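K.L.:
Let me begin by handing over the structure; questions about it come next.
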Amino acid sequence: MNAAVRAVVRTALSAGAEPFAIMEGWIGAINGGDSIRPMKWASVSSILNKGGTVIGSARSDEFRTYEGRTRATKNLLEQGIDRLIVIGGDGSLSGADEFRREWAQQLEGLVESGEVSAELAAAHPELTLVGLVGSIDNDLVGTDMTIGADTALDRIVTAMDQITSTAASHQRTFIIEVMGRHCGYLPLMAAVAGGADYVFTPEAPAHPGWQQDVCARLQEGRDAGRRESLILVAEGARDTEGKDVTTQDIAEALKDGLGEDARISILGHVQRGGSPSAYDRWMSTLLGYAAAQELLSPQAYGQACILGVRHNRVTRLDLEQAVINTRSVQKMIDSGDYVAAKKARGNTFFE
Ligand code: F6P
């Protein structure tokens with residue numbers, strides 16, 4: 001995310017605009033004061049190689065209330081801010097779009113209550129919004145990649161390489177759970193890049209008899225002289241009946257089928273840490289640059305969009321439609337329509 005923030009700030013400054021950073025997400029917008037900071041060229045120096053986000057990120061219950069959003073509107077207006085770039089997942093982006101839609105109504109209320117002058121409100125009649133997708137899950141429909149997904153993939157493959165040493169020494173099987181919520185991008189790509197023996201993803205649910213199938217595959221590897229076996233499991237893995245398939249279920253299947261005492265490793269939040277990959281840095285720089293350009297274009301005023309990447313080119317998505325499509329893919333997965341879900345992702349990697 002830092003690469004995107006850096007590119008936004010520097011592109012805006014180059015265009016003669018005055019960029020601000022809102023610290024800690026919506027909490028900063030609601031708190032105002034020092035949480036809304038003017039940014040200079042040097043404010044974003046030396047952050048390109050840092051993981052996470054230097055401007056902070058937080059879930060805010062207060063932003064879900066009308067009163068909370070009223071305070072945010074007032075604080076933004078006081079700084080003359082009526083153009084926002086929001087980096088987040090589908091929830092944050094649709095929340096931001098709701099905020100944009102009710103902007104005029106908020107202004108009316110603030111003018112009526114005397115908290116904001118009619119002149120100030122008239123100078124900023126609409127809110128413009130550009131969304132960038134920040135999520136390691138790579139689950140937004142219409143973009144090939146989301147900010148952070150490549151770095152998380154890198155963390156997983158590194159962990160697989162490390163686990164391989166001990167697995168091979170002891171001739172063991174490791175069952176590794178990876179993040180990604182309901183999207184199989186991370187486990188699938190990590191399985192390919194890290195050389196896993198078996199992978200469980202939400203989009204390819206485990207069929208009846210999967211226990212025997214996993215055991216047979218592992219046995220084939222051992223017969224061929226392989227000393228280690230790695231199984232990757234998405235945190236949202238299921239079977240065709242919709243029942244969760246957990247690392248524990250798989251360990252039991254290996255115990256029953258092969259008499260193996262497999263080890264379980266749940267990678268957890270290490271996947272979301274550390275220095276960003278080169279791909280994440282340049283892609284986010286490209287997106288941050290494009291987002292600032294889009295935000296400053298007169299035609300964009302009062303509108304909302306998401307910028308993503310398709311075939312290594314920045315792509316512009318309708319915000320509302322992208323969120324609707326993402327949620328409908330989730331519904332397809334919930335209802336067991338996995339093939340349709342895979343097609344509907346609009347992601348080159350799944351195609
Ligand atoms: O959406 C990103 C993600 O890392 C998921 O892969 C994971 O399920 C979830 O967030 C973990 O959330 P938290 O950090 O709140 O525990």
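Residue numbering restarts at 1 for every chain of the structure tokens, chains are lettered A, B, ... in their displayed order, and ligands are numbered from 1 as they appear.
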Enumerate as a VMD selection string the residues within 6 Å of ligand 1, counting only C-alpha atoms and all ligand atoms.
P.N.:
chain A and resid 135 to 137 179 to 181
K.L.:
Please write the residues from the selection above to a file, keeping all heavy atoms, as a short mmCIF file (atom, residue, chain, number, x, y, z; two decimals), in the first residue's frame.
P.N.:
```cif
data_model
loop_
_atom_site.label_atom_id
_atom_site.label_comp_id
_atom_site.auth_asym_id
_atom_site.auth_seq_id
_atom_site.Cartn_x
_atom_site.Cartn_y
_atom_site.Cartn_z
N SER A 135 -5.89 -5.93 -0.84
CA SER A 135 -6.28 -7.17 -0.16
C SER A 135 -5.35 -8.28 -0.60
O SER A 135 -5.06 -8.40 -1.79
CB SER A 135 -7.72 -7.56 -0.54
OG SER A 135 -7.98 -8.86 -0.07
N ILE A 136 -4.86 -9.08 0.34
CA ILE A 136 -3.99 -10.18 -0.08
C ILE A 136 -4.81 -11.29 -0.76
O ILE A 136 -4.24 -12.18 -1.39
CB ILE A 136 -3.19 -10.79 1.11
CG1 ILE A 136 -4.13 -11.44 2.13
CG2 ILE A 136 -2.27 -9.76 1.73
CD1 ILE A 136 -3.42 -12.43 3.04
N ASP A 137 -6.14 -11.24 -0.62
CA ASP A 137 -6.97 -12.35 -1.09
C ASP A 137 -7.10 -12.42 -2.62
O ASP A 137 -7.43 -13.46 -3.16
CB ASP A 137 -8.37 -12.27 -0.47
CG ASP A 137 -8.32 -12.29 1.05
OD1 ASP A 137 -7.28 -12.71 1.59
OD2 ASP A 137 -9.31 -11.89 1.69
N MET A 179 -4.05 -18.15 3.93
CA MET A 179 -5.17 -17.20 3.96
C MET A 179 -5.80 -17.04 2.57
O MET A 179 -5.35 -17.66 1.61
CB MET A 179 -4.69 -15.85 4.46
CG MET A 179 -4.55 -15.76 5.96
SD MET A 179 -4.12 -14.09 6.42
CE MET A 179 -4.34 -14.18 8.20
N GLY A 180 -6.76 -16.16 2.48
CA GLY A 180 -7.40 -15.90 1.20
C GLY A 180 -8.92 -15.86 1.33
O GLY A 180 -9.64 -15.72 0.34
N ARG A 181 -9.38 -16.02 2.55
CA ARG A 181 -10.82 -16.02 2.84
C ARG A 181 -11.53 -17.01 1.91
O ARG A 181 -11.23 -18.18 1.96
CB ARG A 181 -11.39 -14.62 2.69
CG ARG A 181 -12.19 -14.18 3.90
CD ARG A 181 -12.73 -12.79 3.69
NE ARG A 181 -11.88 -11.79 4.28
CZ ARG A 181 -12.02 -11.29 5.49
NH1 ARG A 181 -13.00 -11.69 6.26
NH2 ARG A 181 -11.19 -10.37 5.95
#
```
K.L.:
Pull the helix (DSSP H, G or I) assignments for stretch 75-168 of chain A out of DSSP run on the backbone, and list those residues as a short mmCIF file (atom, residue, chain, number, x, y, z; two decimals) with all heavy atoms, in the first residue's frame.
P.N.:
```cif
data_model
loop_
_atom_site.label_atom_id
_atom_site.label_comp_id
_atom_site.auth_asym_id
_atom_site.auth_seq_id
_atom_site.Cartn_x
_atom_site.Cartn_y
_atom_site.Cartn_z
N ASN A 75 -15.09 17.30 8.77
CA ASN A 75 -13.62 17.39 8.86
C ASN A 75 -12.97 17.49 7.48
O ASN A 75 -12.01 18.24 7.29
CB ASN A 75 -13.06 16.18 9.60
CG ASN A 75 -13.38 16.25 11.08
OD1 ASN A 75 -13.50 17.33 11.64
ND2 ASN A 75 -13.55 15.10 11.71
N LEU A 76 -13.50 16.75 6.52
CA LEU A 76 -12.93 16.82 5.17
C LEU A 76 -13.18 18.20 4.56
O LEU A 76 -12.28 18.82 3.99
CB LEU A 76 -13.54 15.73 4.28
CG LEU A 76 -13.23 14.28 4.66
CD1 LEU A 76 -13.83 13.32 3.63
CD2 LEU A 76 -11.74 14.03 4.74
N LEU A 77 -14.43 18.67 4.71
CA LEU A 77 -14.79 19.98 4.15
C LEU A 77 -13.90 21.09 4.71
O LEU A 77 -13.47 21.98 3.98
CB LEU A 77 -16.23 20.30 4.53
CG LEU A 77 -17.31 19.84 3.59
CD1 LEU A 77 -18.66 20.24 4.14
CD2 LEU A 77 -17.11 20.44 2.19
N GLU A 78 -13.63 21.00 6.00
CA GLU A 78 -12.81 22.04 6.63
C GLU A 78 -11.42 22.13 6.02
O GLU A 78 -10.78 23.17 6.06
CB GLU A 78 -12.74 21.82 8.14
CG GLU A 78 -14.02 22.33 8.79
CD GLU A 78 -14.14 21.99 10.26
OE1 GLU A 78 -13.25 21.30 10.80
OE2 GLU A 78 -15.14 22.40 10.86
N ASP A 90 -13.63 -5.07 -0.87
CA ASP A 90 -14.96 -4.70 -1.37
C ASP A 90 -15.81 -4.00 -0.31
O ASP A 90 -16.56 -3.08 -0.61
CB ASP A 90 -15.69 -5.90 -2.00
CG ASP A 90 -15.98 -7.00 -1.01
OD1 ASP A 90 -15.17 -7.17 -0.06
OD2 ASP A 90 -17.00 -7.69 -1.16
N GLY A 91 -15.64 -4.38 0.97
CA GLY A 91 -16.41 -3.76 2.05
C GLY A 91 -16.05 -2.29 2.21
O GLY A 91 -16.95 -1.42 2.22
N SER A 92 -14.77 -1.99 2.28
CA SER A 92 -14.33 -0.59 2.45
C SER A 92 -14.73 0.23 1.24
O SER A 92 -15.14 1.39 1.37
CB SER A 92 -12.81 -0.48 2.57
OG SER A 92 -12.32 -1.43 3.43
N LEU A 93 -14.63 -0.36 0.05
CA LEU A 93 -14.92 0.42 -1.16
C LEU A 93 -16.42 0.70 -1.28
O LEU A 93 -16.81 1.81 -1.65
CB LEU A 93 -14.37 -0.29 -2.40
CG LEU A 93 -12.84 -0.44 -2.42
CD1 LEU A 93 -12.38 -1.19 -3.66
CD2 LEU A 93 -12.15 0.91 -2.35
N SER A 94 -17.25 -0.29 -0.93
CA SER A 94 -18.69 0.00 -1.03
C SER A 94 -19.10 0.97 0.06
O SER A 94 -19.98 1.82 -0.14
CB SER A 94 -19.53 -1.28 -1.03
OG SER A 94 -19.36 -1.94 0.18
N GLY A 95 -18.46 0.90 1.25
CA GLY A 95 -18.73 1.87 2.33
C GLY A 95 -18.37 3.27 1.87
O GLY A 95 -19.10 4.24 2.11
N ALA A 96 -17.25 3.40 1.17
CA ALA A 96 -16.80 4.70 0.69
C ALA A 96 -17.78 5.24 -0.35
O ALA A 96 -18.07 6.44 -0.40
CB ALA A 96 -15.41 4.57 0.08
N ASP A 97 -18.33 4.34 -1.17
CA ASP A 97 -19.26 4.78 -2.21
C ASP A 97 -20.58 5.27 -1.59
O ASP A 97 -21.17 6.24 -2.07
CB ASP A 97 -19.53 3.64 -3.19
CG ASP A 97 -20.10 4.15 -4.50
OD1 ASP A 97 -19.77 5.31 -4.86
OD2 ASP A 97 -20.88 3.43 -5.13
N GLU A 98 -20.98 4.63 -0.52
CA GLU A 98 -22.19 5.07 0.20
C GLU A 98 -21.97 6.49 0.74
O GLU A 98 -22.85 7.35 0.67
CB GLU A 98 -22.41 4.11 1.37
CG GLU A 98 -23.86 3.84 1.72
CD GLU A 98 -23.88 2.82 2.84
OE1 GLU A 98 -23.56 1.64 2.58
OE2 GLU A 98 -24.17 3.23 3.97
N PHE A 99 -20.78 6.70 1.26
CA PHE A 99 -20.40 8.01 1.80
C PHE A 99 -20.47 9.06 0.69
O PHE A 99 -20.99 10.16 0.88
CB PHE A 99 -18.97 7.86 2.35
CG PHE A 99 -18.40 9.09 2.99
CD1 PHE A 99 -19.07 9.74 4.04
CD2 PHE A 99 -17.17 9.61 2.59
CE1 PHE A 99 -18.52 10.86 4.65
CE2 PHE A 99 -16.62 10.72 3.20
CZ PHE A 99 -17.29 11.35 4.23
N ARG A 100 -19.99 8.68 -0.49
CA ARG A 100 -20.02 9.61 -1.64
C ARG A 100 -21.46 9.97 -2.01
O ARG A 100 -21.79 11.13 -2.22
CB ARG A 100 -19.32 8.97 -2.85
CG ARG A 100 -19.33 9.82 -4.10
CD ARG A 100 -18.80 9.03 -5.29
NE ARG A 100 -19.69 7.93 -5.66
CZ ARG A 100 -20.67 8.02 -6.54
NH1 ARG A 100 -20.90 9.16 -7.16
NH2 ARG A 100 -21.43 6.98 -6.82
N ARG A 101 -22.33 8.94 -2.03
CA ARG A 101 -23.72 9.16 -2.43
C ARG A 101 -24.46 10.09 -1.47
O ARG A 101 -25.34 10.82 -1.88
CB ARG A 101 -24.48 7.84 -2.47
CG ARG A 101 -24.13 6.99 -3.64
CD ARG A 101 -24.76 5.62 -3.41
NE ARG A 101 -24.08 4.63 -4.19
CZ ARG A 101 -24.32 4.41 -5.47
NH1 ARG A 101 -25.23 5.09 -6.09
NH2 ARG A 101 -23.64 3.50 -6.12
N TRP A 103 -23.16 12.46 0.31
CA TRP A 103 -22.40 13.70 0.54
C TRP A 103 -23.32 14.94 0.49
O TRP A 103 -23.30 15.76 1.42
CB TRP A 103 -21.30 13.79 -0.52
CG TRP A 103 -20.39 14.97 -0.46
CD1 TRP A 103 -20.47 16.10 -1.21
CD2 TRP A 103 -19.23 15.13 0.39
NE1 TRP A 103 -19.42 16.95 -0.91
CE2 TRP A 103 -18.65 16.38 0.08
CE3 TRP A 103 -18.64 14.36 1.37
CZ2 TRP A 103 -17.51 16.87 0.70
CZ3 TRP A 103 -17.48 14.84 1.99
CH2 TRP A 103 -16.94 16.07 1.67
N ALA A 104 -24.15 15.06 -0.56
CA ALA A 104 -24.99 16.25 -0.72
C ALA A 104 -25.95 16.39 0.46
O ALA A 104 -26.16 17.49 1.00
CB ALA A 104 -25.76 16.16 -2.03
N GLN A 105 -26.50 15.26 0.88
CA GLN A 105 -27.44 15.26 2.01
C GLN A 105 -26.71 15.68 3.29
O GLN A 105 -27.24 16.45 4.10
CB GLN A 105 -27.99 13.84 2.16
CG GLN A 105 -29.10 13.69 3.16
CD GLN A 105 -29.38 12.20 3.41
OE1 GLN A 105 -29.05 11.35 2.57
NE2 GLN A 105 -29.99 11.89 4.54
N GLN A 106 -25.48 15.20 3.44
CA GLN A 106 -24.68 15.57 4.61
C GLN A 106 -24.41 17.08 4.61
O GLN A 106 -24.51 17.74 5.65
CB GLN A 106 -23.33 14.82 4.59
CG GLN A 106 -23.43 13.34 4.87
CD GLN A 106 -23.52 13.04 6.37
OE1 GLN A 106 -23.66 13.95 7.19
NE2 GLN A 106 -23.46 11.77 6.71
N LEU A 107 -24.08 17.62 3.43
CA LEU A 107 -23.80 19.06 3.33
C LEU A 107 -25.02 19.86 3.76
O LEU A 107 -24.92 20.82 4.52
CB LEU A 107 -23.45 19.45 1.88
CG LEU A 107 -22.15 18.92 1.27
CD1 LEU A 107 -21.86 19.62 -0.05
CD2 LEU A 107 -20.98 19.11 2.21
N GLU A 108 -26.18 19.42 3.28
CA GLU A 108 -27.42 20.12 3.59
C GLU A 108 -27.62 20.19 5.11
O GLU A 108 -27.89 21.25 5.66
CB GLU A 108 -28.58 19.33 2.97
CG GLU A 108 -29.58 20.18 2.22
CD GLU A 108 -30.64 19.26 1.64
OE1 GLU A 108 -30.39 18.74 0.52
OE2 GLU A 108 -31.68 19.05 2.30
N GLY A 109 -27.43 19.04 5.76
CA GLY A 109 -27.60 18.96 7.22
C GLY A 109 -26.59 19.85 7.94
O GLY A 109 -26.95 20.55 8.90
N LEU A 110 -25.35 19.84 7.46
CA LEU A 110 -24.30 20.62 8.14
C LEU A 110 -24.55 22.13 7.97
O LEU A 110 -24.29 22.92 8.88
CB LEU A 110 -22.92 20.24 7.58
CG LEU A 110 -22.39 18.88 8.07
CD1 LEU A 110 -21.22 18.41 7.21
CD2 LEU A 110 -21.95 18.96 9.53
N VAL A 111 -25.07 22.51 6.81
CA VAL A 111 -25.37 23.94 6.59
C VAL A 111 -26.55 24.34 7.46
O VAL A 111 -26.53 25.37 8.15
CB VAL A 111 -25.65 24.22 5.09
CG1 VAL A 111 -26.18 25.64 4.88
CG2 VAL A 111 -24.39 24.01 4.26
N GLU A 112 -27.58 23.49 7.48
CA GLU A 112 -28.78 23.76 8.30
C GLU A 112 -28.44 23.94 9.77
O GLU A 112 -28.93 24.83 10.44
CB GLU A 112 -29.75 22.59 8.17
CG GLU A 112 -30.99 22.94 7.39
CD GLU A 112 -31.81 21.69 7.12
OE1 GLU A 112 -32.06 20.94 8.08
OE2 GLU A 112 -32.16 21.48 5.94
N ALA A 118 -22.62 28.05 4.09
CA ALA A 118 -23.23 27.73 2.79
C ALA A 118 -22.19 27.87 1.67
O ALA A 118 -22.18 27.10 0.71
CB ALA A 118 -24.42 28.64 2.54
N GLU A 119 -21.25 28.81 1.82
CA GLU A 119 -20.22 29.05 0.79
C GLU A 119 -19.30 27.84 0.69
O GLU A 119 -18.97 27.38 -0.40
CB GLU A 119 -19.36 30.29 1.12
CG GLU A 119 -20.08 31.62 1.08
CD GLU A 119 -21.06 31.80 2.23
OE1 GLU A 119 -20.80 31.29 3.35
OE2 GLU A 119 -22.12 32.41 2.01
N LEU A 120 -18.88 27.33 1.87
CA LEU A 120 -17.97 26.19 1.88
C LEU A 120 -18.65 24.97 1.24
O LEU A 120 -18.07 24.27 0.40
CB LEU A 120 -17.53 25.86 3.32
CG LEU A 120 -16.50 24.75 3.48
CD1 LEU A 120 -15.21 25.08 2.72
CD2 LEU A 120 -16.17 24.50 4.95
N ALA A 121 -19.91 24.77 1.61
CA ALA A 121 -20.64 23.62 1.04
C ALA A 121 -20.78 23.79 -0.47
O ALA A 121 -20.58 22.82 -1.23
CB ALA A 121 -22.01 23.51 1.70
N ALA A 122 -21.06 25.01 -0.91
CA ALA A 122 -21.28 25.24 -2.35
C ALA A 122 -19.98 25.03 -3.15
O ALA A 122 -20.01 24.68 -4.33
CB ALA A 122 -21.81 26.65 -2.57
N ALA A 123 -18.85 25.23 -2.48
CA ALA A 123 -17.56 25.06 -3.19
C ALA A 123 -17.20 23.58 -3.38
O ALA A 123 -16.32 23.25 -4.17
CB ALA A 123 -16.47 25.78 -2.41
N ALA A 149 -1.37 -8.96 -2.76
CA ALA A 149 -1.55 -10.40 -3.03
C ALA A 149 -0.22 -11.05 -3.46
O ALA A 149 0.10 -12.15 -3.01
CB ALA A 149 -2.62 -10.61 -4.10
N ASP A 150 0.55 -10.35 -4.28
CA ASP A 150 1.80 -10.96 -4.77
C ASP A 150 2.81 -11.13 -3.63
O ASP A 150 3.52 -12.12 -3.57
CB ASP A 150 2.39 -10.11 -5.90
CG ASP A 150 3.60 -10.79 -6.51
OD1 ASP A 150 3.42 -11.87 -7.12
OD2 ASP A 150 4.73 -10.31 -6.34
N THR A 151 2.83 -10.14 -2.73
CA THR A 151 3.75 -10.25 -1.59
C THR A 151 3.34 -11.41 -0.69
O THR A 151 4.20 -12.19 -0.24
CB THR A 151 3.75 -8.92 -0.79
OG1 THR A 151 4.11 -7.87 -1.68
CG2 THR A 151 4.71 -8.96 0.37
N ALA A 152 2.04 -11.56 -0.46
CA ALA A 152 1.57 -12.67 0.39
C ALA A 152 1.93 -14.01 -0.25
O ALA A 152 2.35 -14.95 0.43
CB ALA A 152 0.06 -12.55 0.59
N LEU A 153 1.79 -14.06 -1.58
CA LEU A 153 2.13 -15.28 -2.30
C LEU A 153 3.62 -15.61 -2.11
O LEU A 153 3.99 -16.77 -1.88
CB LEU A 153 1.81 -15.08 -3.79
CG LEU A 153 2.10 -16.23 -4.73
CD1 LEU A 153 1.38 -17.50 -4.30
CD2 LEU A 153 1.68 -15.87 -6.15
N ASP A 154 4.42 -14.58 -2.16
CA ASP A 154 5.86 -14.73 -1.95
C ASP A 154 6.15 -15.28 -0.54
O ASP A 154 7.00 -16.17 -0.38
CB ASP A 154 6.46 -13.32 -2.06
CG ASP A 154 7.77 -13.33 -2.74
OD1 ASP A 154 7.89 -14.03 -3.75
OD2 ASP A 154 8.68 -12.62 -2.25
N ARG A 155 5.43 -14.75 0.45
CA ARG A 155 5.61 -15.22 1.84
C ARG A 155 5.26 -16.71 1.94
O ARG A 155 5.92 -17.49 2.61
CB ARG A 155 4.73 -14.46 2.83
CG ARG A 155 4.99 -12.99 3.09
CD ARG A 155 6.38 -12.71 3.61
NE ARG A 155 7.21 -12.29 2.49
CZ ARG A 155 7.39 -11.02 2.10
NH1 ARG A 155 6.86 -10.03 2.78
NH2 ARG A 155 8.13 -10.72 1.05
N ILE A 156 4.20 -17.11 1.26
CA ILE A 156 3.75 -18.50 1.34
C ILE A 156 4.79 -19.43 0.70
O ILE A 156 5.17 -20.45 1.27
CB ILE A 156 2.38 -18.69 0.65
CG1 ILE A 156 1.30 -17.86 1.37
CG2 ILE A 156 1.98 -20.17 0.62
CD1 ILE A 156 -0.01 -17.76 0.62
N VAL A 157 5.27 -19.02 -0.48
CA VAL A 157 6.23 -19.88 -1.19
C VAL A 157 7.54 -19.98 -0.39
O VAL A 157 8.14 -21.05 -0.29
CB VAL A 157 6.46 -19.36 -2.64
CG1 VAL A 157 7.57 -20.11 -3.32
CG2 VAL A 157 5.16 -19.50 -3.44
N THR A 158 7.94 -18.87 0.22
CA THR A 158 9.15 -18.91 1.06
C THR A 158 8.94 -19.87 2.23
O THR A 158 9.81 -20.68 2.56
CB THR A 158 9.48 -17.48 1.59
OG1 THR A 158 9.63 -16.63 0.47
CG2 THR A 158 10.73 -17.46 2.44
N ALA A 159 7.77 -19.80 2.85
CA ALA A 159 7.47 -20.69 3.99
C ALA A 159 7.48 -22.15 3.52
O ALA A 159 7.99 -23.04 4.21
CB ALA A 159 6.12 -20.33 4.60
N MET A 160 6.94 -22.39 2.32
CA MET A 160 6.94 -23.76 1.79
C MET A 160 8.37 -24.27 1.61
O MET A 160 8.69 -25.41 1.96
CB MET A 160 6.19 -23.82 0.45
CG MET A 160 4.69 -23.63 0.57
SD MET A 160 3.92 -23.43 -1.05
CE MET A 160 3.94 -25.12 -1.65
N ASP A 161 9.22 -23.40 1.06
CA ASP A 161 10.63 -23.79 0.86
C ASP A 161 11.27 -24.14 2.20
O ASP A 161 12.04 -25.10 2.31
CB ASP A 161 11.42 -22.64 0.22
CG ASP A 161 11.03 -22.40 -1.24
OD1 ASP A 161 10.32 -23.26 -1.80
OD2 ASP A 161 11.41 -21.36 -1.80
N GLN A 162 10.96 -23.34 3.20
CA GLN A 162 11.57 -23.58 4.51
C GLN A 162 11.04 -24.86 5.14
O GLN A 162 11.79 -25.66 5.69
CB GLN A 162 11.33 -22.37 5.43
CG GLN A 162 12.20 -21.20 4.99
CD GLN A 162 11.78 -19.87 5.59
OE1 GLN A 162 10.66 -19.73 6.08
NE2 GLN A 162 12.67 -18.90 5.54
N ILE A 163 9.76 -25.07 5.02
CA ILE A 163 9.15 -26.28 5.60
C ILE A 163 9.69 -27.53 4.90
O ILE A 163 9.86 -28.58 5.52
CB ILE A 163 7.61 -26.18 5.52
CG1 ILE A 163 7.12 -25.19 6.59
CG2 ILE A 163 6.95 -27.55 5.69
CD1 ILE A 163 5.63 -24.89 6.56
N THR A 164 9.98 -27.37 3.60
CA THR A 164 10.47 -28.51 2.84
C THR A 164 11.73 -29.13 3.47
O THR A 164 11.89 -30.35 3.49
CB THR A 164 10.80 -28.06 1.39
OG1 THR A 164 9.59 -27.63 0.80
CG2 THR A 164 11.36 -29.19 0.56
N SER A 165 12.61 -28.29 4.02
CA SER A 165 13.86 -28.82 4.61
C SER A 165 13.56 -29.81 5.72
O SER A 165 14.07 -30.93 5.72
CB SER A 165 14.71 -27.69 5.19
OG SER A 165 14.83 -26.66 4.29
N THR A 166 12.72 -29.39 6.65
CA THR A 166 12.45 -30.27 7.78
C THR A 166 11.57 -31.45 7.34
O THR A 166 11.75 -32.58 7.81
CB THR A 166 11.84 -29.49 8.97
OG1 THR A 166 11.57 -30.40 10.02
CG2 THR A 166 10.57 -28.76 8.62
N ALA A 167 10.65 -31.18 6.39
CA ALA A 167 9.77 -32.27 5.92
C ALA A 167 10.61 -33.37 5.27
O ALA A 167 10.41 -34.56 5.53
CB ALA A 167 8.76 -31.72 4.93
N ALA A 168 11.59 -32.96 4.44
CA ALA A 168 12.41 -33.94 3.73
C ALA A 168 13.31 -34.70 4.71
O ALA A 168 13.47 -35.92 4.60
CB ALA A 168 13.25 -33.25 2.67
#
```
K.L.:
Nearest to A:Val270 among A:Ala196, A:Gly346, A:Gly51, A:Glu126, with distances taken over only C-alpha atoms: which residue is it?
P.N.:
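Smallest distance to A:Val270 is found for A:Gly51.
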K.L.:
Excluding same-chain residues fewer than 2 positions from A:Ser265, what lies within 7 Å of it counting only C-alpha atoms, as an mmCIF file with C-alpha atoms, in the first residue's frame?
P.N.:
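Saved to selection.cif:
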```
data_model
loop_
_atom_site.group_PDB
_atom_site.id
_atom_site.type_symbol
_atom_site.label_atom_id
_atom_site.label_comp_id
_atom_site.auth_asym_id
_atom_site.auth_seq_id
_atom_site.Cartn_x
_atom_site.Cartn_y
_atom_site.Cartn_z
ATOM 1 C CA PHE A 174 3.084 -31.013 6.104
ATOM 2 C CA ILE A 175 -0.429 -29.648 5.797
ATOM 3 C CA ILE A 176 -0.197 -25.888 5.379
ATOM 4 C CA GLU A 177 -3.183 -23.589 5.808
ATOM 5 C CA ARG A 263 2.325 -31.963 10.823
ATOM 6 C CA LEU A 267 0.849 -19.602 8.341
#
```
K.L.:
What's around A:Leu319 at 7 Å? Count only C-alpha atoms, leave out sequence neighbours fewer than 6 positions away in its own chain, and write the answer as a ChimeraX atom specification.
P.N.:
/A:304-306
K.L.:
Per residue of stretch 72-162 of chain A within 10 Å of stretch 8-18 of chain A, record the nearest atom pair and its distance in Å to one decimal, counting only C-alpha atoms, with rows in chain order and ascending residue number, as a Markdown table.
P.N.:
```
| residue | atom | partner | partner_atom | distance |
| --- | --- | --- | --- | --- |
| A:Gly80 | CA | A:Glu18 | CA | 9.7 |
| A:Ile81 | CA | A:Glu18 | CA | 9.2 |
| A:Ile85 | CA | A:Val8 | CA | 8.5 |
```
K.L.:
With distances taken over only C-alpha atoms, which residue among A:Gly194, A:Gly68, A:Gly52, A:Gln79 lies nearest A:Pro38?
P.N.:
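Closest to A:Pro38, using only C-alpha atoms: A:Gln79.
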K.L.:
Take atom CA of A:Asn347 and atom CA of A:Glu294 and report the distance between them in Å, one decimal.
P.N.:
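Spanning atom CA of A:Asn347 to atom CA of A:Glu294 is a straight-line distance of 22.8 Å.
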K.L.:
Name the residues in contact with A:Leu127 at a cut-off of 6 Å, using only C-alpha atoms, excluding same-chain residues fewer than 4 positions from it; report them as a list in words.
P.N.:
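In the requested form, the answer reads Asp82, Arg83, Arg100 and Gly302 of chain A.
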K.L.:
Any chance you could export the current selection's N, CA, C and O atoms as an mmCIF file, in the first residue's frame?
P.N.:
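Final output, part.cif:
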```cif
data_model
loop_
_atom_site.group_PDB
_atom_site.id
_atom_site.type_symbol
_atom_site.label_atom_id
_atom_site.label_comp_id
_atom_site.auth_asym_id
_atom_site.auth_seq_id
_atom_site.Cartn_x
_atom_site.Cartn_y
_atom_site.Cartn_z
ATOM 1 N N ASP A 82 -12.581 17.214 -1.277
ATOM 2 C CA ASP A 82 -13.783 16.607 -1.854
ATOM 3 C C ASP A 82 -13.406 15.554 -2.909
ATOM 4 O O ASP A 82 -14.181 15.202 -3.776
ATOM 5 N N ARG A 83 -12.180 15.064 -2.818
ATOM 6 C CA ARG A 83 -11.725 13.995 -3.724
ATOM 7 C C ARG A 83 -10.963 12.983 -2.874
ATOM 8 O O ARG A 83 -10.027 13.366 -2.166
ATOM 9 N N ARG A 100 -19.989 8.682 -0.494
ATOM 10 C CA ARG A 100 -20.018 9.612 -1.639
ATOM 11 C C ARG A 100 -21.457 9.973 -2.011
ATOM 12 O O ARG A 100 -21.792 11.126 -2.216
ATOM 13 N N GLY A 302 -17.383 13.994 -8.788
ATOM 14 C CA GLY A 302 -18.662 13.473 -8.283
ATOM 15 C C GLY A 302 -18.881 12.001 -8.611
ATOM 16 O O GLY A 302 -19.865 11.404 -8.186
#
```
K.L.:
Could you pull out the strand (DSSP E or B) residues of stretch 280-334 of chain A, going by DSSP on the backbone, and write them as a list in words?
P.N.:
Ala304, Cys305, Ile306, Leu307, Gly308, Val309, Arg310, Arg313, Val314, Thr315, Arg316, Leu317 and Asp318 of chain A
K.L.:
Find the residues near A:Pro187: any atom within 7 Å, counting only C-alpha atoms, skip ones fewer than 6 places away on the same chain, and give them as a list in words.
P.N.:
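The residues that qualify are Val178, Val199, Thr201, Leu232, Val233 and Ala234 of chain A.
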K.L.:
Could you write out that same residue set with C-alpha atoms as a compact mmCIF listing (two decimals), in the first residue's frame?
P.N.:
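File produced: out07.txt:
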```
# COMPACT_ATOMS: atom_id res chain seq x y z
CA VAL A 178 -3.03 -20.33 3.88
CA VAL A 199 -4.24 -28.31 -2.89
CA THR A 201 -9.43 -24.45 -2.68
CA LEU A 232 -1.94 -26.64 0.83
CA VAL A 233 -5.36 -25.81 2.26
CA ALA A 234 -7.28 -22.58 1.73
```
K.L.:
So, with only C-alpha atoms as the atoms that count, which of A:Val192, A:Ile22, A:Val5, A:Ala204 lies closest to A:Gly336?
P.N.:
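Counting only C-alpha atoms, the residue closest to A:Gly336 is A:Ala204.
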K.L.:
List the neighbours of A:Glu260 out to 12 Å using only C-alpha atoms; skip same-chain residues closer than 2 positions along the sequence, and give me the result as an NGL selection string.
P.N.:
:A and (170-175 or 215 or 218-219 or 229 or 250-258 or 262-263)
K.L.:
For a quick check of understanding, using only C-alpha atoms, which of A:Ser335, A:Asn2, A:Gln299, A:Thr143 has the smallest distance to A:Pro276?
P.N.:
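Among A:Ser335, A:Asn2, A:Gln299, A:Thr143, it is A:Asn2 that comes nearest to A:Pro276.
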